[in-house]
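Here's the structure we're looking at; comments come further down.
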Amino acid sequence: MKTTTLGLALALPLTAGAALADGHGCGEVSITEMNWASSAVVTAVSKFLMEQGYGCTVNSIPSSTNPAITSVAETGEPDILTELWVNAAPVYDRLAAEGKVEPLTEVLSDGGIEGWWVPTYVVEANPEAATLEGILANPELVGNRFHQCPDGWACKTVNMNNLAAAGTEAAGIETFVHGSGETMATSIAAAFENEEPWFGYYWAPTSVLGKYPMTLVDVGEFDAEAHTCNALDPCPDPALSAYPRGKVLTVVTADFRDNNPEVTELMRNVSFTNAQMGEVLAWQEDNSASAEEAAVYFLTNYKDVWPNWLNDDAREKLAAIIQ
């Protein structure tokens with residue numbers, strides 16, 4: 001499969017010139033490529049659709065959340081910011097209120113999901129493990145261990161305060177602090193290989209949750225005040241709260257929106273479920289594939305999804321490329 005997609009990926013740039021040669025190109029477009037895997041895939045898919053369907057010349061700008069939104073505030077570029085996690089971008093609200101940017105869509109339609117997880121096979125065998133209450137009453141179901149974020153990650157502080165509020169230590173659950181994100185992922189893979197318990201923090205969409213079926217533990221409702229305090233070290237009064245659902249947007253500058261209505265409409269439609277993105281990221285990891293190859297994998301395997309994002313002219317052009 002990787003050989004097929006690689007060959008197609010290499011062939012794609014040959015058709016972009018043809019799209020521009022007919023005089024209907026949309027011109028130059030700058031779009032962010034944030035420095036994490038799912039964002040790189042979103043950008044690669046969007047770039048392909050804009051170039052092959054709409055005749056754009058697309059420049060991918062490597063960036064991350066705050067540098068990207070700051071660049072827009074100061075220079076008006078890039079034109080399109082995709083997979084912008086707005087809860088981590090305080091400048092965004094001001095720019096949106098001033099009308100300098102417009103949110104087009106939730107590019108991750110399920111939102112960014114953080115929380116505490118257990119393998120689904122544990123829940124199938126022991127339904128009580130789906131809730132924190134059940135885990136606290138039966139800590140052996142999760143191996144009497146909580147897998148904690150590495151030092152320096154914001155989630156470590158939030159988890160620390162939530163764990164204190166929940167009383168996990170008193171219930172007999174030790175906290176194991178991982179040295180890196182890689183060891184966290186490896187511990188999940190090892191648990192699944194041996195069908196052993198696992199309980200800890202993770203987030204979606206990721207290749208790990210795309211590959212390994214996990215159940216989000218019900219810890220109760222999200223409490224904004226408690227979550228704000230739990231992010232502090234120290235929090236004077238830790239209280240249990242679920243993580244908030246992260247809003248993850250594609251955002252466009254007002255100038256680009258006004259000058260490129262067709263491409264803007266396309267980007268309103270580009271949206272992935274966490275299941276879709278997780279499956280693509282799992283394939284990418286298993287095949288040591290690039291973001292471009294993962295994008296082609298998505299385009300060749302989700303033909304019931306992305307054609308609905310396009311206008312008629314672009315759909316016709318792309319039908320001739322991807323059979």
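Here, A, B, ... name the chains of the structure tokens in the order displayed, residue numbers run from 1 inside each chain, and ligands are numbered from 1 in the same displayed order.
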
Nearby residues (only C-alpha atoms) at most 9 Å from Ala164 in chain A, same-chain spacing under 4 positions excluded, as number ranges by chain = A: 159-160, 168-169, 238-240

inquiry  = For the structure I just gave you, how does DSSP split range 2-135 of chain A - specifically, which residues are strand (DSSP E)? Reply as a VMD selection string.
reply    = chain A and resid 27 to 34 56 to 63 80 to 85 101 to 106 113 to 119

Nearest candidate to Thr300 in chain A (options A:Gly111, A:Val45, A:Ile173, A:Leu163; using only C-alpha atoms) =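 Closest residue, counting only C-alpha atoms: A:Val45.
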
message = Can you tell me, as a VMD selection string, which residues in range 86-294 of chain A count as helix (DSSP H, G or I) by DSSP?
response = chain A and resid 86 to 88 90 to 97 120 to 125 127 to 130 132 to 137 139 to 142 154 to 166 181 to 194 207 to 211 224 to 230 254 to 259 261 to 269 274 to 286 291 to 294

query = Which residue gives the smallest distance to Cys56 in chain A among A:Pro103, A:Gly112, A:Gly27, A:Gly181, with only C-alpha atoms counted?
reply =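 Of the candidates, the smallest distance to Cys56 in chain A is held by A:Gly27.
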
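Among A:Leu108, A:Val252, A:Leu266, A:Ala275, the residue with the shortest atom-to-atom distance to Val208 in chain A, counting only C-alpha atoms, is A:Ala275.
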
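The shortest atom-to-atom distance to Lys47 in chain A, with only C-alpha atoms taken into account, belongs to A:Ala295 out of A:Ala295, A:Thr183, A:Ala254, A:Glu221.
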
Distance of CA of Val107 in chain A from CA of Ala289 in chain A, expressed in Å to one decimal place =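 Here the two named atoms are 22.0 Å from each other.
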
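Every protein, DNA or RNA residue with an atom at most 9 Å from Cys229 in chain A, where only C-alpha atoms count and chain neighbours fewer than 5 positions away do not, is listed here: A:Val158, A:Asn161, A:Ala224, A:Pro234, A:Cys235, A:Pro236, A:Asp237, A:Pro238, A:Ala239.
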
Contacts of range 213-260 of chain A with range 197-205 of chain A up to 12 Å, shortest pair per row, only C-alpha atoms, as a Markdown table:
| residue | atom | partner | partner_atom | distance |
| --- | --- | --- | --- | --- |
| A:Pro213 | CA | A:Ala204 | CA | 11.6 |
| A:Met214 | CA | A:Trp198 | CA | 9.7 |
| A:Thr215 | CA | A:Phe199 | CA | 10.0 |
| A:Leu216 | CA | A:Tyr202 | CA | 9.2 |
| A:Val217 | CA | A:Phe199 | CA | 9.0 |
| A:Ala242 | CA | A:Tyr201 | CA | 11.6 |
| A:Tyr243 | CA | A:Trp203 | CA | 10.3 |
| A:Pro244 | CA | A:Trp203 | CA | 11.7 |
| A:Arg245 | CA | A:Ala204 | CA | 10.5 |
| A:Gly246 | CA | A:Ala204 | CA | 10.1 |
| A:Val248 | CA | A:Pro205 | CA | 11.2 |

ask   = Between CA of Trp36 in chain A and CA of Ser64 in chain A, what is the distance, to one decimal in Å?
value =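 Straight-line distance from CA of Trp36 in chain A to CA of Ser64 in chain A works out to 8.5 Å.
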
message = My list of candidates is A:Ala37, A:Met277, A:Ile80, A:Val270. Which is closest to Phe256 in chain A when distances are computed with only C-alpha atoms?
response =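 The closest residue to Phe256 in chain A is A:Ile80.
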
query = Distance CA of Ser46 in chain A-CA of Gln284 in chain A, one decimal place?
reply = 17.2 Å

Which neighbours of Met267 in chain A fall inside 10 Å, counting only C-alpha atoms, when residues of the same chain fewer than 5 positions from it are skipped, and could you give them as a PDB file with C-alpha atoms, in the first residue's frame?
ATOM      1  CA  SER A  46      -5.647  20.722   2.224  1.00  0.00           C
ATOM      2  CA  LEU A  49      -6.993  19.750  -2.698  1.00  0.00           C
ATOM      3  CA  MET A  50      -6.192  23.422  -3.210  1.00  0.00           C
ATOM      4  CA  ILE A  80      -4.905  29.990   6.647  1.00  0.00           C
ATOM      5  CA  THR A  82      -5.403  25.017  10.449  1.00  0.00           C
ATOM      6  CA  LEU A 104     -14.221  28.457   9.259  1.00  0.00           C
ATOM      7  CA  THR A 105     -14.772  25.063  10.844  1.00  0.00           C
ATOM      8  CA  VAL A 107     -11.219  20.861  11.657  1.00  0.00           C
ATOM      9  CA  THR A 250      -9.328  26.239  10.821  1.00  0.00           C
ATOM     10  CA  VAL A 251      -9.031  30.023  10.767  1.00  0.00           C
ATOM     11  CA  VAL A 252      -8.654  32.345   7.778  1.00  0.00           C
ATOM     12  CA  PRO A 261     -14.323  32.801  -1.717  1.00  0.00           C
ATOM     13  CA  GLU A 262     -14.087  29.386  -3.426  1.00  0.00           C
ATOM     14  CA  TRP A 309     -15.844  19.128   0.477  1.00  0.00           C
ATOM     15  CA  LEU A 310     -15.286  20.278  -3.137  1.00  0.00           C
TER      16      LEU A 310
END
